[in-house]
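One file, input-v7.txt, carrying compact mmCIF, C-alpha atoms:
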```txt
# COMPACT_ATOMS: atom_id res chain seq x y z
CA MET A 1 -21.41 7.80 6.41
CA ASN A 2 -18.89 10.62 6.49
CA ASP A 3 -15.92 8.58 5.46
CA ALA A 4 -14.15 10.35 2.66
CA LEU A 5 -15.27 8.72 -0.52
CA VAL A 6 -12.82 8.23 -3.30
CA ILE A 7 -14.84 8.09 -6.45
CA GLU A 8 -13.16 7.34 -9.69
CA VAL A 9 -12.98 10.06 -12.31
CA VAL A 10 -15.07 9.35 -15.41
CA ARG A 11 -12.63 9.08 -18.33
CA LYS A 12 -13.63 8.62 -21.95
CA THR A 13 -11.59 8.64 -25.12
CA VAL A 14 -12.85 8.61 -28.66
CA THR A 15 -10.92 8.98 -31.91
CA VAL A 16 -12.74 10.97 -34.53
CA ASP A 17 -11.86 10.96 -38.21
CA CYS A 18 -11.72 14.72 -38.70
CA ALA A 19 -9.42 17.64 -37.99
CA VAL A 20 -9.02 19.05 -34.48
CA GLU A 21 -10.65 22.36 -35.44
CA GLU A 22 -13.66 20.54 -36.84
CA ALA A 23 -14.00 18.35 -33.76
CA PHE A 24 -13.89 21.35 -31.45
CA ARG A 25 -16.38 23.21 -33.61
CA ILE A 26 -18.88 20.37 -33.70
CA PHE A 27 -18.52 19.78 -29.98
CA THR A 28 -19.16 23.37 -29.01
CA THR A 29 -21.46 24.74 -31.71
CA ASP A 30 -23.32 21.72 -32.99
CA ALA A 31 -24.35 19.91 -29.82
CA MET A 32 -27.97 19.97 -30.96
CA ASN A 33 -26.99 17.33 -33.52
CA TRP A 34 -25.34 14.91 -31.15
CA TRP A 35 -26.30 15.56 -27.54
CA PRO A 36 -28.89 13.00 -26.38
CA VAL A 37 -31.33 15.73 -25.32
CA ALA A 38 -34.34 13.44 -25.07
CA THR A 39 -32.77 11.64 -22.14
CA HIS A 40 -30.16 14.08 -20.90
CA SER A 41 -31.49 17.58 -20.70
CA ILE A 42 -33.41 19.58 -18.16
CA HIS A 43 -36.49 20.14 -20.29
CA GLY A 44 -36.49 17.00 -22.42
CA THR A 45 -37.14 18.91 -25.60
CA VAL A 46 -34.62 21.56 -26.45
CA SER A 47 -34.50 24.08 -29.28
CA GLU A 48 -30.94 25.24 -28.75
CA ILE A 49 -27.74 24.33 -26.91
CA VAL A 50 -25.33 27.21 -26.36
CA PHE A 51 -21.65 27.17 -25.36
CA GLU A 52 -20.73 30.82 -24.74
CA PRO A 53 -17.19 30.81 -26.16
CA HIS A 54 -15.19 32.48 -23.40
CA VAL A 55 -14.03 32.00 -19.83
CA GLY A 56 -16.94 32.76 -17.53
CA GLY A 57 -19.40 31.97 -20.31
CA GLU A 58 -22.41 29.81 -19.71
CA VAL A 59 -23.39 26.50 -21.26
CA TYR A 60 -27.15 26.20 -21.36
CA GLU A 61 -30.09 24.68 -23.13
CA VAL A 62 -33.05 26.64 -24.41
CA ALA A 63 -36.37 24.86 -24.08
CA GLU A 64 -39.07 25.18 -26.71
CA SER A 65 -40.84 27.53 -24.30
CA GLY A 66 -37.79 29.79 -24.46
CA GLU A 67 -36.82 28.97 -20.91
CA ARG A 68 -33.14 28.43 -20.23
CA GLY A 69 -31.64 25.51 -18.35
CA HIS A 70 -28.17 26.03 -16.94
CA TRP A 71 -25.66 23.26 -17.61
CA ALA A 72 -22.22 24.64 -16.85
CA THR A 73 -19.86 27.60 -16.59
CA VAL A 74 -16.78 27.85 -18.79
CA LEU A 75 -13.59 27.73 -16.68
CA GLU A 76 -11.08 27.44 -19.51
CA TRP A 77 -11.56 28.01 -23.20
CA GLU A 78 -8.64 27.18 -25.48
CA PRO A 79 -9.93 26.45 -28.99
CA PRO A 80 -9.36 24.14 -30.68
CA SER A 81 -7.49 22.07 -28.14
CA ARG A 82 -9.12 22.20 -24.76
CA LEU A 83 -12.03 23.37 -22.62
CA VAL A 84 -12.91 22.98 -18.97
CA LEU A 85 -16.43 23.40 -17.65
CA ALA A 86 -17.79 23.65 -14.10
CA TRP A 87 -20.68 21.26 -14.51
CA ASN A 88 -23.99 21.57 -12.73
CA ILE A 89 -25.05 18.17 -11.45
CA LEU A 90 -28.66 17.53 -10.48
CA ASP A 91 -29.02 21.18 -9.60
CA ARG A 92 -26.49 20.85 -6.80
CA GLY A 93 -24.58 23.66 -8.47
CA ASP A 94 -21.48 23.73 -10.63
CA VAL A 95 -19.64 21.33 -8.38
CA THR A 96 -18.17 18.87 -10.85
CA GLU A 97 -15.67 19.54 -13.62
CA VAL A 98 -15.66 18.39 -17.21
CA GLU A 99 -12.42 18.74 -19.16
CA VAL A 100 -12.31 17.94 -22.86
CA ARG A 101 -9.04 17.79 -24.80
CA PHE A 102 -8.81 17.61 -28.59
CA LEU A 103 -5.49 16.15 -29.73
CA ALA A 104 -4.26 15.80 -33.29
CA ALA A 105 -3.41 12.18 -34.13
CA ASP A 106 -2.40 11.33 -37.72
CA GLY A 107 -4.97 13.56 -39.33
CA GLN A 108 -7.59 12.42 -36.86
CA THR A 109 -8.60 13.82 -33.51
CA ARG A 110 -8.29 12.03 -30.23
CA VAL A 111 -10.92 13.42 -27.87
CA GLU A 112 -10.22 12.84 -24.21
CA LEU A 113 -12.95 13.66 -21.71
CA GLU A 114 -12.71 13.71 -17.94
CA HIS A 115 -15.66 14.27 -15.61
CA ARG A 116 -14.34 14.70 -12.08
CA GLY A 117 -15.15 16.19 -8.70
CA TRP A 118 -17.58 13.54 -7.50
CA GLU A 119 -16.37 14.15 -3.96
CA ASN A 120 -18.09 17.56 -4.21
CA VAL A 121 -21.51 16.08 -4.86
CA GLU A 122 -23.01 15.85 -1.42
CA LEU A 123 -26.29 14.05 -1.74
CA ASP A 124 -26.62 14.28 2.01
CA ALA A 125 -25.94 18.01 2.32
CA PRO A 126 -28.88 20.09 1.20
CA THR A 127 -28.22 23.36 -0.54
CA LYS A 128 -31.51 24.85 0.61
CA ARG A 129 -32.27 26.06 -2.85
CA GLY A 130 -35.79 24.79 -2.72
CA ASP A 131 -35.76 23.51 -6.27
CA TYR A 132 -34.72 19.93 -5.74
CA ASP A 133 -37.40 18.63 -8.04
CA GLU A 134 -35.54 20.18 -10.91
CA GLY A 135 -32.68 17.89 -9.99
CA TRP A 136 -33.37 14.26 -9.29
CA GLY A 137 -37.00 14.66 -10.21
CA VAL A 138 -36.51 15.84 -13.74
CA VAL A 139 -33.38 13.95 -14.57
CA LEU A 140 -34.59 10.68 -13.17
CA GLY A 141 -37.97 11.18 -14.76
CA LYS A 142 -36.22 11.25 -18.11
CA TYR A 143 -34.20 8.22 -17.21
CA VAL A 144 -37.29 6.30 -16.26
CA ASP A 145 -39.13 7.41 -19.38
CA ARG A 146 -36.28 6.04 -21.40
CA THR A 147 -35.94 2.72 -19.66
CA GLY A 148 -39.48 2.21 -18.47
CA MET B 1 -44.09 -1.52 -8.15
CA GLN B 2 -41.22 -3.92 -8.55
CA THR B 3 -37.74 -2.58 -8.58
CA ASN B 4 -35.13 -4.34 -10.62
CA GLY B 5 -32.47 -3.23 -8.21
CA HIS B 6 -31.20 -0.20 -10.08
CA PRO B 7 -30.97 2.88 -7.84
CA LEU B 8 -32.24 5.22 -10.48
CA ASP B 9 -35.23 3.01 -11.12
CA ALA B 10 -35.92 3.05 -7.38
CA LEU B 11 -36.09 6.83 -7.56
CA GLY B 12 -38.46 6.71 -10.48
CA ASP B 13 -41.28 6.47 -7.94
CA PRO B 14 -42.46 9.96 -6.87
CA THR B 15 -42.99 9.03 -3.22
CA ARG B 16 -39.55 7.50 -2.97
CA ARG B 17 -38.12 10.62 -4.55
CA GLN B 18 -39.89 12.69 -1.89
CA ILE B 19 -38.51 10.48 0.85
CA PHE B 20 -35.07 10.79 -0.69
CA GLU B 21 -35.36 14.58 -0.72
CA LEU B 22 -36.66 14.70 2.87
CA LEU B 23 -33.66 12.68 3.97
CA ARG B 24 -31.34 15.19 2.38
CA SER B 25 -31.97 17.49 5.33
CA GLY B 26 -30.88 14.86 7.82
CA PRO B 27 -31.74 11.50 9.38
CA ARG B 28 -35.42 10.87 10.08
CA SER B 29 -37.54 8.15 11.60
CA VAL B 30 -40.33 6.42 9.71
CA GLY B 31 -42.88 8.40 11.72
CA GLU B 32 -41.27 11.73 10.91
CA LEU B 33 -41.18 10.87 7.24
CA ALA B 34 -44.79 9.71 7.21
CA ALA B 35 -45.91 12.94 8.89
CA GLY B 36 -44.68 14.92 5.91
CA LEU B 37 -46.10 12.64 3.23
CA PRO B 38 -49.58 11.64 2.08
CA VAL B 39 -48.87 7.95 2.66
CA SER B 40 -49.11 5.58 5.61
CA ARG B 41 -46.23 4.54 7.83
CA PRO B 42 -46.20 0.98 6.45
CA ALA B 43 -46.00 2.43 2.95
CA VAL B 44 -43.07 4.63 3.99
CA SER B 45 -41.34 1.60 5.49
CA GLN B 46 -41.78 -0.29 2.29
CA HIS B 47 -40.36 2.55 0.21
CA LEU B 48 -37.42 2.84 2.59
CA ARG B 49 -36.73 -0.85 2.15
CA VAL B 50 -36.54 -0.40 -1.62
CA LEU B 51 -34.22 2.59 -1.25
CA GLU B 52 -32.07 0.65 1.17
CA ASP B 53 -31.91 -2.39 -1.11
CA VAL B 54 -30.37 -0.36 -3.91
CA GLY B 55 -27.86 1.37 -1.63
CA LEU B 56 -29.25 4.90 -1.53
CA VAL B 57 -30.43 4.81 2.09
CA THR B 58 -29.07 3.26 5.22
CA HIS B 59 -30.41 3.08 8.77
CA HIS B 60 -29.12 2.84 12.29
CA ARG B 61 -30.72 2.44 15.68
CA SER B 62 -30.80 5.49 17.94
CA GLY B 63 -32.19 4.58 21.35
CA THR B 64 -35.50 2.92 20.62
CA ARG B 65 -35.97 4.20 17.09
CA ASN B 66 -34.57 3.47 13.69
CA LEU B 67 -33.20 6.52 11.95
CA TYR B 68 -32.92 6.48 8.19
CA GLU B 69 -30.36 8.54 6.30
CA LEU B 70 -28.89 8.86 2.86
CA ASP B 71 -25.96 6.63 2.08
CA SER B 72 -23.27 8.87 0.69
CA ALA B 73 -22.10 5.97 -1.47
CA GLY B 74 -25.15 6.81 -3.62
CA VAL B 75 -22.92 9.33 -5.35
CA GLU B 76 -21.20 6.39 -7.01
CA THR B 77 -24.48 5.46 -8.59
CA LEU B 78 -24.71 8.90 -10.05
CA ARG B 79 -21.13 8.74 -11.24
CA ASP B 80 -21.74 5.44 -13.01
CA TRP B 81 -24.82 6.85 -14.64
CA VAL B 82 -22.83 9.83 -15.95
CA ASP B 83 -20.14 7.43 -17.16
CA GLY B 84 -22.70 5.67 -19.33
CA PHE B 85 -24.07 8.97 -20.49
CA TRP B 86 -20.71 10.22 -21.81
CA SER B 87 -20.14 6.95 -23.68
CA GLU B 88 -23.41 7.44 -25.51
CA ALA B 89 -22.88 11.17 -26.08
CA LEU B 90 -19.34 10.79 -27.44
CA ALA B 91 -20.35 7.96 -29.78
CA ARG B 92 -23.00 10.25 -31.23
CA PHE B 93 -20.53 13.13 -31.35
CA LYS B 94 -18.09 10.98 -33.34
CA ASP B 95 -20.79 10.09 -35.89
CA VAL B 96 -21.85 13.69 -36.37
CA ALA B 97 -18.30 15.06 -36.57
CA GLU B 98 -17.23 12.48 -39.15
CA LYS B 99 -20.34 13.01 -41.23
CA ALA B 100 -19.87 16.78 -41.17
CA SER B 101 -16.21 16.40 -42.05
CA ARG B 102 -17.02 14.14 -45.05
CA THR B 103 -19.59 16.58 -46.39
CA GLY B 104 -17.19 19.49 -46.24
CA GLY B 105 -17.91 20.82 -42.79
CA SER B 106 -21.46 21.96 -43.25
CA SER B 107 -23.90 20.93 -40.61
```
Could I get this structure in the form of C-alpha cells?
Amino acid sequence: MNDALVIEVVRKTVTVDCAVEEAFRIFTTDAMNWWPVATHSIHGTVSEIVFEPHVGGEVYEVAESGERGHWATVLEWEPPSRLVLAWNILDRGDVTEVEVRFLAADGQTRVELEHRGWENVELDAPTKRGDYDEGWGVVLGKYVDRTG
Amino acid sequence: MQTNGHPLDALGDPTRRQIFELLRSGPRSVGELAAGLPVSRPAVSQHLRVLEDVGLVTHHRSGTRNLYELDSAGVETLRDWVDGFWSEALARFKDVAEKASRTGGSS
C-alpha cells in the first residue's frame, strides 16, 4: 500500500462574463453568495466566509455560533489575477494547494482553478491531532445529508 | 444498511467511520477493532466488508490472522469528490459574478 500514488490534479475552467477585477472581488469577498456552504463547510450553516487579503492570511468560515472553521492559508495573493491557498483537507492540515487564476479574455474572465497535492493527503498516516471527527465525520455527514 | 457502492456513502455509517479512524493508526485484526467498539465481532466483519467493497480498506493475512488496513487509493475517492465540488462551486460563482456585473457590481 505504500506505492507512490500519482493522483491527477483537479483542474477546472470557467469563463465568466465580467471583468477580471469583478471576478476576483466576487471570488474573494462574496463567497457567501456562491459557496455551497450547506454541503461544503465545517459547520453546515455559516454566517461569514473570510479571505484575509494578504500572504499568510487565513481563509475561514464563521459559524452562526461565532466559532471559526479554518479552511486555508494564503500562500500568494496577487489581485486581481491570481491567488494560491494551502488548503486544509478533512482536518489533515493545509496539505493540498488551490491555485486560482483570473485571465482577461475578450472582456470576459477565464477562471482557471487547480487543486493539487493529493499525494500529501495520507489517509493512512494519523496526525495525532485527536480531532478526526471534525474531518471525515463532519464532512461526510454533510455529504450523506445531501444525498441521503 | 445497504451501500450503493460509493465510498463516501459507506462512511456515512458512524461505526464504519470509527473503524476507518481506528485503522488510521495502523493495521488491526477484527478482534482488535471489536475490542475498541461497542459492536460484536461479526458486526465489525460486516462493516469491514462494506469498506473493502468500496476500496477504502484492504486486508492481508499475517500468520493466522487477517489484518485490515486502509487502502491508500482511497485518496482518489476524496480527490474525485473534490473535483465534483469545484464544478458545482464554480458554476455558482459564475452565476453570482455575472449577476453582480449586470447590476453594476453591487452584491
Write out as JSON lines a residue-level contact list of chain B versus chain A with cut-off 6 Å: for each qualifying residue the closest pair of atoms and the distance in Å to one decimal, counting only C-alpha atoms, rows sorted by chain and residue number upward.
```
{"residue": "B:Gly12", "atom": "CA", "partner": "A:Val144", "partner_atom": "CA", "distance": 5.9}
{"residue": "B:Arg24", "atom": "CA", "partner": "A:Asp124", "partner_atom": "CA", "distance": 4.8}
{"residue": "B:Ser25", "atom": "CA", "partner": "A:Pro126", "partner_atom": "CA", "distance": 5.8}
{"residue": "B:Leu70", "atom": "CA", "partner": "A:Asp124", "partner_atom": "CA", "distance": 5.9}
{"residue": "B:Asp83", "atom": "CA", "partner": "A:Val10", "partner_atom": "CA", "distance": 5.7}
{"residue": "B:Ala89", "atom": "CA", "partner": "A:Trp35", "partner_atom": "CA", "distance": 5.8}
{"residue": "B:Arg92", "atom": "CA", "partner": "A:Trp34", "partner_atom": "CA", "distance": 5.2}
{"residue": "B:Phe93", "atom": "CA", "partner": "A:Trp34", "partner_atom": "CA", "distance": 5.1}
{"residue": "B:Lys94", "atom": "CA", "partner": "A:Val16", "partner_atom": "CA", "distance": 5.5}
{"residue": "B:Glu98", "atom": "CA", "partner": "A:Asp17", "partner_atom": "CA", "distance": 5.7}
{"residue": "B:Ser101", "atom": "CA", "partner": "A:Cys18", "partner_atom": "CA", "distance": 5.8}
```
Which distance in Å separates CA of Pro79 (chain A) and CA of His43 (chain A), to one decimal? 28.7 Å
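Atom pair CA of Glu64 (chain A) / CA of Val46 (chain A): separated by 5.7 Å.
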A straight line from CA of Trp77 (chain A) to CA of Leu90 (chain B) spans 19.4 Å
Identify which of the residues A:Trp71, A:Trp87, A:Phe51, A:Phe102 lies closest to Thr28 (chain A), counting only C-alpha atoms when measuring atom-to-atom distances. A:Phe51
Among A:Val74, A:Ala63, A:Val55, A:Val20, Ser41 (chain A) is approached most closely, using only C-alpha atoms, by A:Ala63
Nearest to Gly74 (chain B), restricted to only C-alpha atoms and choosing among B:Ala91, B:Thr58, B:Arg49, B:Arg16, comes out as B:Thr58
Go through A:His54, A:Arg68, A:Ala104, A:Arg110 and flag the residue nearest Leu83 (chain A), using all atoms listed in the file for the distances.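 Ranked by minimum distance to Leu83 (chain A), first place goes to A:His54.
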